[in-house]
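In what follows, a single structure is set out as structure tokens and then discussed.
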There are 2 protein chains.
Amino acid sequence: MSMTEIAPLSPAAQKVRESYDAFKAKGLKLNLTRGKPASAQLDLSQDLLSLPGASDFTAEGATDVRNYGGAQGLIEVRRLFSGILGAPPEQIVVGNNSSLALMHDTVVFSLLKGNCDSTAPWSKQDVAFLCPVPGYDRHFTICQEHGIRMIQVPLNTDGPDMDAVERLVAEDATIKGMWCVPKYSNPTGAVYSDAVIERLASMKTAAPDFRLFWDNAYVVHHLTDERVEIANVLELAAKHGHPNRPFVFSSTSKITLPGAGLAMFAASKDNVKWMLARLAPRTIGPDKVNQWRHVRFLKNEGGVLDLMDRHRALIAPKFAKVLEIFDAKLTGIPGVQWTRPKGGYFISLDVPKGSARRVVALAKEAGIELTPAGATHPYEKDPDDRTIRIAPTFPELADVALAAEGVALAVQLATA
Amino acid sequence: MSMTEIAPLSPAAQKVRESYDAFKAKGLKLNLTRGKPASAQLDLSQDLLSLPGASDFTAEGATDVRNYGGAQGLIEVRRLFSGILGAPPEQIVVGNNSSLALMHDTVVFSLLKGNCDSTAPWSKQDVAFLCPVPGYDRHFTICQEHGIRMIQVPLNTDGPDMDAVERLVAEDATIKGMWCVPKYSNPTGAVYSDAVIERLASMKTAAPDFRLFWDNAYVVHHLTDERVEIANVLELAAKHGHPNRPFVFSSTSKITLPGAGLAMFAASKDNVKWMLARLAPRTIGPDKVNQWRHVRFLKNEGGVLDLMDRHRALIAPKFAKVLEIFDAKLTGIPGVQWTRPKGGYFISLDVPKGSARRVVALAKEAGIELTPAGATHPYEKDPDDRTIRIAPTFPELADVALAAEGVALAVQLATA
């Protein structure tokens, strides 16, 4: 047949095409792009909008939370999150929203000044970061913005491929950092095993000022009865003689309010001292009123966990619905698989190599916005064009169901 | 007489010594160090502590202020401050607390990336800033942290010595920036004249990417009936063909709450585009709930000005008291003079050359903490050891009076 002829569709493929066209004809506008809490989740924190109240502004040590000062953050917040972060309060710094800003600034400070183990600012050298893939696009954007070379390593279900990681960091002194989302990883939901964390904490690195950028964004963001716990990277790193290796980050962005949460940094005493020295020229202190508001609202660690149970009640059904539809529609298609996360905000859908862009385009045509294929990889290039991130939290459950149907049809059509 | 002998005091000096000792014997603990609002000033914004209220979170364009997004800040805030900043809303970026952080980050972004007129990142070159003195210690700290050379220029009552400024920037391409507090300057209260501002806006600079770091911290912080207005640096710079020259900064730190205010950046369209591009990898957006809270509380520009009148009612008497005591006790002492600011947070006290440190030490001995002599100059070194910054806002009026008495006695003793 000539180049312009079109091969006739098989009856099965013809049926898929008809279903897809019928779906498209509905003219829907659905969005599964970003890991945003739904409006109903934000309502869980509505009390924050009128806290702390007009006469409630005096924290421990007669601190007037309204005035200047307190660079490290209120001791009450640091105590509240100490157990969750796995660090004593004196090793925690509380910033404004968001943890992304703390990560960015930690990279920037390292570039301009070096960290407390550096002999020179990173900007004076060639610098590379290890990037487990698939991973979080905003981590990669920080590297791209600041000319940090990104070296991909595979992310398995129990964490990064440690053989590859150990080999790379041992031989290459330009590798100064590594992005890690150790629990309910974005986007696969992978949870780093104790063995992987111990290897990360103990491995030999050619760079003495190597850092794990430990983005524990989903530390209490469970989707099942099993509250998955991971090994304490700060303790393990200290045990293995590398106390300064981990920079731990977390935030309340998906606990309270994404637009008005608290970001946290936990690390060794030397790292915290370094961080506070870098923050001192930048600010007289973070927003302590918002910290105080959070103390009043969350009360204690139990308050955080209860709140997360209420989030789970709202979003677990959305994840279940996507999985139910994928199970029904996509099971058995060669090269198609998806994750069943126990927490976090994403499902990662793998389609046959070379077809992710096509699936995203077909979904878009049918009215469903997906995160661009490639976003899960450095430079927005997925070499296998295979991974699609599904973010089911924001739309209403009925829309999630519709969108998952549409995505499934797009996958069926692309693989027909 | 031998080195160990002490010259006998004159009867007048003896009397000063006795007064000083009597003051010291009171064992007071007073503090005139930092420009902090008093507790009563913070009470003026007590409504902020329960705003916006549980069901009030939807801004223009159906923006849910609780969720992610909105890097430039709510349009409502940008409109509210447009007149005060002298820039259209689309040329304003609203950040978290504080403007110091915005200034720091603007410097950092310039170091790592260059600004929109740079051919290379500033960190690849020798970089110097012009620093009018006396000036704000935290500006100098940013330069010191990042290895930016500081070149002092004299600050007159109508602004910096423009002959010196014009000569320096015309011949030295390493001069990339200049710190300016154009209204009610910290610490002298100087107000830049229209002529000075026009010269700053129009002068030839050897560096094409030169920037005025225009810290309009006290833009509405009047202490008298005269609401001093200054020329619009953004408009003048545009008129003279240098639209990108000014980076304008301000904040609500001393309008609402220092620990929980809003910071603002205003500049040309190209600068704003550059700034937003730099902020994008750092954050998904600022704390919009706090922005919304401020919109509800301040309502409009009139609301800001009314609030500033109430601040003035609380702090103008403190300034008046200091001036009354200085007038009574220090008039006529050679080499001693002080400013009579029409706004801002400081009085600048000049003592005879070489005696500022001694005055600060004597004040400390008498129980009065003053900002260290030298803090008003780069590297904390006042070459004349002459300038002392007095910050009368934070203590109660009675304590301000006592402290001013003590400072006057310290000056009398040092000059006796």
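In the structure tokens, each chain is lettered A, B, ... as it comes, each chain's residues begin at 1, and ligands are numbered from 1 in order of appearance.
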
For the interface of range 70-143 of chain A with range 204-224 of chain A (cut-off 7 Å, counting only C-alpha atoms), please tabulate each contacting residue of range 70-143 of chain A alongside its nearest pair of atoms and their separation in Å to one decimal, rows sorted by chain and increasing number, as CSV.
residue,atom,partner,partner_atom,distance
A:Asn115,CA,A:Asp209,CA,6.8
A:Asp117,CA,A:Asp209,CA,4.8
A:Ser118,CA,A:Asp209,CA,5.2

Contacts of range 365-367 of chain A at 8 Å or less, counting only C-alpha atoms, minus same-chain residues fewer than 6 places along, as a compact mmCIF listing (two decimals) with all heavy atoms, in the first residue's frame?
# COMPACT_ATOMS: atom_id res chain seq x y z
N TYR A 20 -13.81 6.20 22.03
CA TYR A 20 -13.02 7.42 22.23
C TYR A 20 -13.76 8.61 21.62
O TYR A 20 -13.91 9.67 22.26
CB TYR A 20 -11.64 7.26 21.61
CG TYR A 20 -10.82 8.54 21.63
CD1 TYR A 20 -10.08 8.90 22.76
CD2 TYR A 20 -10.78 9.37 20.51
CE1 TYR A 20 -9.34 10.07 22.78
CE2 TYR A 20 -10.04 10.54 20.52
CZ TYR A 20 -9.32 10.89 21.66
OH TYR A 20 -8.60 12.05 21.68
N ASP A 21 -14.25 8.44 20.41
CA ASP A 21 -14.96 9.55 19.74
C ASP A 21 -16.21 9.95 20.51
O ASP A 21 -16.54 11.14 20.62
CB ASP A 21 -15.32 9.16 18.30
CG ASP A 21 -14.08 9.14 17.40
OD1 ASP A 21 -13.06 9.73 17.81
OD2 ASP A 21 -14.14 8.52 16.32
N PHE A 23 -16.63 9.64 23.69
CA PHE A 23 -16.18 10.34 24.89
C PHE A 23 -15.84 11.79 24.55
O PHE A 23 -16.26 12.73 25.23
CB PHE A 23 -14.95 9.63 25.48
CG PHE A 23 -14.51 10.22 26.80
CD1 PHE A 23 -14.94 9.65 28.00
CD2 PHE A 23 -13.68 11.34 26.85
CE1 PHE A 23 -14.54 10.20 29.21
CE2 PHE A 23 -13.28 11.88 28.06
CZ PHE A 23 -13.71 11.32 29.25
N LYS A 24 -15.09 11.91 23.47
CA LYS A 24 -14.64 13.24 23.02
C LYS A 24 -15.84 14.14 22.73
O LYS A 24 -15.82 15.35 23.03
CB LYS A 24 -13.81 13.05 21.76
CG LYS A 24 -13.09 14.26 21.25
CD LYS A 24 -12.16 13.84 20.12
CE LYS A 24 -12.03 14.92 19.08
NZ LYS A 24 -11.17 14.46 17.95
N ALA A 25 -16.89 13.53 22.19
CA ALA A 25 -18.08 14.29 21.79
C ALA A 25 -18.77 14.92 23.01
O ALA A 25 -19.55 15.86 22.87
CB ALA A 25 -19.05 13.40 21.03
N GLY A 27 -17.42 16.72 25.06
CA GLY A 27 -16.88 18.08 25.23
C GLY A 27 -16.53 18.41 26.67
O GLY A 27 -16.77 19.52 27.15
N LEU A 28 -15.96 17.45 27.37
CA LEU A 28 -15.61 17.67 28.78
C LEU A 28 -14.39 18.55 28.93
O LEU A 28 -13.61 18.73 27.99
CB LEU A 28 -15.35 16.32 29.45
CG LEU A 28 -16.54 15.35 29.43
CD1 LEU A 28 -16.10 13.97 29.91
CD2 LEU A 28 -17.68 15.89 30.30
N LYS A 29 -14.24 19.11 30.12
CA LYS A 29 -13.02 19.85 30.48
C LYS A 29 -12.56 19.32 31.83
O LYS A 29 -13.09 19.71 32.87
CB LYS A 29 -13.30 21.36 30.57
CG LYS A 29 -13.30 22.05 29.24
CD LYS A 29 -12.61 23.42 29.32
CE LYS A 29 -12.40 24.00 27.93
NZ LYS A 29 -11.06 23.74 27.40
N LEU A 30 -11.63 18.41 31.80
CA LEU A 30 -11.17 17.79 33.04
C LEU A 30 -9.67 18.02 33.17
O LEU A 30 -8.97 18.22 32.18
CB LEU A 30 -11.48 16.29 33.01
CG LEU A 30 -12.98 15.96 32.83
CD1 LEU A 30 -13.15 14.50 32.45
CD2 LEU A 30 -13.76 16.31 34.10
N GLY A 406 -11.52 8.43 30.29
CA GLY A 406 -10.97 9.07 29.10
C GLY A 406 -9.51 8.71 28.90
O GLY A 406 -9.07 8.44 27.77

Practice problem: Enumerate as a ChimeraX atom specification the residues belonging to chain A that approach chain B to within 6 Å, with only C-alpha atoms taken into account. | Solution: /A:46,49-54,66-68,100-101,104,141-142,257-260,281-283,287-289

Leu32 in chain B surroundings by only C-alpha atoms, 10 Å radius, close-in-sequence under 6 positions cut, as a CSV table (one decimal) with all heavy atoms, in the first residue's frame:
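Heads up, here's the output in around_37.csv:
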chain,number,residue,atom,x,y,z
B,346,PHE,N,13.8,56.5,62.8
B,346,PHE,CA,15.1,56.8,63.5
B,346,PHE,C,15.4,58.3,63.6
B,346,PHE,O,15.0,59.1,62.8
B,346,PHE,CB,16.2,56.1,62.7
B,346,PHE,CG,16.0,54.7,62.6
B,346,PHE,CD1,15.5,54.1,61.4
B,346,PHE,CD2,16.2,53.8,63.6
B,346,PHE,CE1,15.3,52.8,61.2
B,346,PHE,CE2,16.0,52.4,63.5
B,346,PHE,CZ,15.5,51.9,62.3
B,368,ILE,N,21.5,51.4,79.0
B,368,ILE,CA,20.8,51.7,77.8
B,368,ILE,C,21.5,51.1,76.6
B,368,ILE,O,22.6,51.4,76.2
B,368,ILE,CB,20.7,53.3,77.5
B,368,ILE,CG1,20.1,53.9,78.7
B,368,ILE,CG2,19.9,53.5,76.2
B,368,ILE,CD1,20.5,55.4,78.8
B,369,GLU,N,20.8,50.2,76.0
B,369,GLU,CA,21.3,49.5,74.8
B,369,GLU,C,21.1,50.4,73.6
B,369,GLU,O,20.0,50.7,73.2
B,369,GLU,CB,20.6,48.1,74.6
B,369,GLU,CG,21.4,47.1,73.8
B,369,GLU,CD,22.5,46.4,74.5
B,369,GLU,OE1,22.3,46.1,75.7
B,369,GLU,OE2,23.5,46.2,73.9
B,370,LEU,N,22.2,50.7,72.9
B,370,LEU,CA,22.1,51.4,71.6
B,370,LEU,C,22.6,50.5,70.5
B,370,LEU,O,23.4,49.6,70.7
B,370,LEU,CB,22.9,52.7,71.6
B,370,LEU,CG,22.4,53.8,72.6
B,370,LEU,CD1,23.5,55.0,72.6
B,370,LEU,CD2,21.1,54.3,72.2
B,371,THR,N,22.2,50.8,69.2
B,371,THR,CA,22.8,50.1,68.1
B,371,THR,C,24.3,50.4,68.1
B,371,THR,O,24.7,51.5,68.3
B,371,THR,CB,22.2,50.7,66.8
B,371,THR,OG1,20.7,50.7,66.9
B,371,THR,CG2,22.6,49.9,65.6
B,389,ARG,N,22.7,55.7,65.9
B,389,ARG,CA,21.3,55.6,65.5
B,389,ARG,C,20.4,55.4,66.7
B,389,ARG,O,20.6,54.5,67.5
B,389,ARG,CB,21.1,54.4,64.5
B,389,ARG,CG,19.8,54.3,63.9
B,389,ARG,CD,19.6,53.1,63.0
B,389,ARG,NE,19.4,51.9,63.7
B,389,ARG,CZ,18.9,50.8,63.2
B,389,ARG,NH1,18.7,50.7,61.9
B,389,ARG,NH2,18.7,49.7,63.9
B,390,ILE,N,19.4,56.3,66.8
B,390,ILE,CA,18.5,56.2,67.9
B,390,ILE,C,17.1,55.7,67.4
B,390,ILE,O,16.6,56.3,66.5
B,390,ILE,CB,18.3,57.6,68.5
B,390,ILE,CG1,19.6,58.3,68.9
B,390,ILE,CG2,17.3,57.6,69.7
B,390,ILE,CD1,20.3,57.7,70.1
B,391,ALA,N,16.6,54.7,68.0
B,391,ALA,CA,15.4,54.1,67.6
B,391,ALA,C,14.4,54.2,68.7
B,391,ALA,O,14.4,53.3,69.6
B,391,ALA,CB,15.6,52.6,67.2
B,392,PRO,N,13.5,55.2,68.7
B,392,PRO,CA,12.7,55.4,69.9
B,392,PRO,C,11.3,54.8,69.8
B,392,PRO,O,10.5,55.0,70.8
B,392,PRO,CB,12.5,57.0,69.8
B,392,PRO,CG,12.7,57.4,68.4
B,392,PRO,CD,13.4,56.2,67.7
B,393,THR,N,11.0,54.0,68.8
B,393,THR,CA,9.6,53.5,68.7
B,393,THR,C,9.1,52.5,69.7
B,393,THR,O,8.0,52.4,70.1
B,393,THR,CB,9.3,53.0,67.3
B,393,THR,OG1,10.2,52.0,67.0
B,393,THR,CG2,9.4,54.1,66.3
B,394,PHE,N,10.0,51.5,70.0
B,394,PHE,CA,9.6,50.3,70.7
B,394,PHE,C,9.3,50.5,72.2
B,394,PHE,O,8.3,50.1,72.7
B,394,PHE,CB,10.6,49.2,70.5
B,394,PHE,CG,10.2,47.9,71.1
B,394,PHE,CD1,9.2,47.2,70.5
B,394,PHE,CD2,10.8,47.3,72.2
B,394,PHE,CE1,8.7,46.0,71.0
B,394,PHE,CE2,10.4,46.1,72.7
B,394,PHE,CZ,9.4,45.4,72.1
B,395,PRO,N,10.2,51.2,73.0
B,395,PRO,CA,9.9,51.4,74.4
B,395,PRO,C,8.7,52.3,74.7
B,395,PRO,O,8.2,53.0,73.8
B,395,PRO,CB,11.1,52.0,75.0
B,395,PRO,CG,12.2,51.9,73.9
B,395,PRO,CD,11.4,51.9,72.6
B,399,ASP,N,9.9,55.3,79.2
B,399,ASP,CA,11.2,54.7,79.0
B,399,ASP,C,12.1,55.4,77.9
B,399,ASP,O,13.3,55.6,78.1
B,399,ASP,CB,11.1,53.2,78.7
B,399,ASP,CG,10.7,52.4,79.9
B,399,ASP,OD1,10.8,52.9,81.0
B,399,ASP,OD2,10.3,51.3,79.7
B,400,VAL,N,11.4,55.9,76.9
B,400,VAL,CA,12.1,56.6,75.9
B,400,VAL,C,12.7,57.9,76.5
B,400,VAL,O,13.8,58.2,76.2
B,400,VAL,CB,11.1,57.0,74.7
B,400,VAL,CG1,11.8,58.0,73.7
B,400,VAL,CG2,10.7,55.8,73.9
B,403,ALA,N,15.6,56.9,78.6
B,403,ALA,CA,16.7,56.5,77.8
B,403,ALA,C,17.4,57.7,77.1
B,403,ALA,O,18.6,57.8,77.0
B,403,ALA,CB,16.3,55.5,76.7
B,404,ALA,N,16.6,58.7,76.6
B,404,ALA,CA,17.1,59.8,76.0
B,404,ALA,C,17.9,60.7,77.0
B,404,ALA,O,19.0,61.2,76.7
B,404,ALA,CB,16.0,60.7,75.4
B,407,VAL,N,21.2,58.8,77.3
B,407,VAL,CA,22.1,59.0,76.2
B,407,VAL,C,22.7,60.4,76.2
B,407,VAL,O,23.9,60.6,76.0
B,407,VAL,CB,21.3,58.8,74.8
B,407,VAL,CG1,22.1,59.3,73.6
B,407,VAL,CG2,20.8,57.4,74.7

Quiz prompt | Members of range 145-334 of chain B assigned alpha helix (DSSP H) by DSSP, as a VMD selection string | solution = chain B and resid 145 162 to 171 194 to 202 233 to 239 269 to 279 288 to 298 301 to 330

Quiz prompt | Residues within 8 Å of Pro352 in chain A, only C-alpha atoms, excluding chain neighbours under 2 positions, as a ChimeraX atom specification | solution = /A:334-336,350,354-356,386,415

Practice problem: State, in Å with one decimal place, the distance from CA of Asn300 in chain B to CA of Glu229 in chain B. | Solution: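 Those two atoms sit 18.7 Å apart.
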
Quiz item: Which residues come within 12 Å of Gln337 in chain A, counting only C-alpha atoms, excluding same-chain residues fewer than 5 positions away, as a VMD selection string?
Solution: chain A and resid 188 323 326 to 327 329 to 332 347 to 353 386 to 388 408 411

Residue contacts of Asp137 in chain B (8 Å, only C-alpha atoms) excluding same-chain residues fewer than 3 positions away, as an mmCIF file with all heavy atoms, in the first residue's frame:
data_model
loop_
_atom_site.group_PDB
_atom_site.id
_atom_site.type_symbol
_atom_site.label_atom_id
_atom_site.label_comp_id
_atom_site.auth_asym_id
_atom_site.auth_seq_id
_atom_site.Cartn_x
_atom_site.Cartn_y
_atom_site.Cartn_z
ATOM 1 N N PHE B 140 23.880 46.556 54.035
ATOM 2 C CA PHE B 140 25.321 46.292 53.962
ATOM 3 C C PHE B 140 25.615 44.808 54.223
ATOM 4 O O PHE B 140 26.531 44.223 53.629
ATOM 5 C CB PHE B 140 26.062 47.175 54.967
ATOM 6 C CG PHE B 140 25.758 48.647 54.815
ATOM 7 C CD1 PHE B 140 25.783 49.510 55.911
ATOM 8 C CD2 PHE B 140 25.440 49.193 53.574
ATOM 9 C CE1 PHE B 140 25.496 50.867 55.774
ATOM 10 C CE2 PHE B 140 25.156 50.546 53.419
ATOM 11 C CZ PHE B 140 25.186 51.385 54.531
ATOM 12 N N THR B 141 24.821 44.196 55.114
ATOM 13 C CA THR B 141 25.023 42.782 55.429
ATOM 14 C C THR B 141 24.797 41.905 54.197
ATOM 15 O O THR B 141 25.512 40.917 53.985
ATOM 16 C CB THR B 141 24.071 42.354 56.568
ATOM 17 O OG1 THR B 141 24.311 43.192 57.693
ATOM 18 C CG2 THR B 141 24.304 40.904 56.964
ATOM 19 N N ALA B 375 27.369 50.604 62.997
ATOM 20 C CA ALA B 375 26.352 49.812 62.285
ATOM 21 C C ALA B 375 25.773 50.557 61.093
ATOM 22 O O ALA B 375 25.250 49.941 60.168
ATOM 23 C CB ALA B 375 25.228 49.419 63.238
ATOM 24 N N THR B 376 25.875 51.872 61.107
ATOM 25 C CA THR B 376 25.313 52.662 60.010
ATOM 26 C C THR B 376 26.247 52.722 58.804
ATOM 27 O O THR B 376 25.936 53.398 57.817
ATOM 28 C CB THR B 376 25.065 54.106 60.487
ATOM 29 O OG1 THR B 376 26.292 54.618 61.030
ATOM 30 C CG2 THR B 376 23.997 54.145 61.565
ATOM 31 N N HIS B 377 27.373 52.031 58.887
ATOM 32 C CA HIS B 377 28.354 52.069 57.803
ATOM 33 C C HIS B 377 28.732 50.659 57.355
ATOM 34 O O HIS B 377 28.658 49.712 58.141
ATOM 35 C CB HIS B 377 29.617 52.807 58.274
ATOM 36 C CG HIS B 377 29.435 54.299 58.346
ATOM 37 N ND1 HIS B 377 28.578 54.907 59.231
ATOM 38 C CD2 HIS B 377 30.007 55.299 57.615
ATOM 39 C CE1 HIS B 377 28.625 56.222 59.056
ATOM 40 N NE2 HIS B 377 29.476 56.497 58.088
ATOM 41 N N PRO B 378 29.163 50.513 56.090
ATOM 42 C CA PRO B 378 29.616 49.209 55.609
ATOM 43 C C PRO B 378 30.701 48.623 56.511
ATOM 44 O O PRO B 378 31.512 49.367 57.072
ATOM 45 C CB PRO B 378 30.192 49.536 54.225
ATOM 46 C CG PRO B 378 29.398 50.718 53.760
ATOM 47 C CD PRO B 378 29.155 51.515 55.012
ATOM 48 N N GLU B 380 30.545 47.631 59.269
ATOM 49 C CA GLU B 380 30.358 48.108 60.655
ATOM 50 C C GLU B 380 31.466 49.043 61.107
ATOM 51 O O GLU B 380 31.826 49.071 62.279
ATOM 52 C CB GLU B 380 30.231 46.912 61.611
ATOM 53 C CG GLU B 380 28.973 46.091 61.302
ATOM 54 C CD GLU B 380 29.002 44.709 61.921
ATOM 55 O OE1 GLU B 380 29.103 44.644 63.148
ATOM 56 O OE2 GLU B 380 28.938 43.718 61.161
#

Exercise. Write down as number ranges by chain the residues of range 67-304 of chain B whose backbone DSSP state falls under strand (DSSP E or B).
Key: B: 92-95, 128-133, 149-156, 159-160, 175-180, 211-215, 222, 246-251, 263-266

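Distances to Gly114 in chain B were evaluated for B:Ala87, B:Leu307, B:Val127, B:Cys180 using only C-alpha atoms, and the minimum falls at B:Val127.
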
Env of Val191 in chain B: 8 Å cut, atoms = only C-alpha atoms, seq-sep filter 3 positions within chain, self excluded. Answer as a short mmCIF file (atom, residue, chain, number, x, y, z; two decimals) with C-alpha atoms, in the first residue's frame.
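As written to disk, part-v5.cif reads:
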data_model
loop_
_atom_site.label_atom_id
_atom_site.label_comp_id
_atom_site.auth_asym_id
_atom_site.auth_seq_id
_atom_site.Cartn_x
_atom_site.Cartn_y
_atom_site.Cartn_z
CA THR B 157 19.84 65.95 53.77
CA ASP B 158 18.51 65.91 50.19
CA GLY B 159 19.94 62.53 49.25
CA PRO B 182 14.69 57.64 49.36
CA LYS B 183 12.17 58.77 51.94
CA TYR B 184 12.76 59.22 55.68
CA SER B 185 16.07 57.44 55.24
CA ILE B 230 9.03 62.22 46.50
#
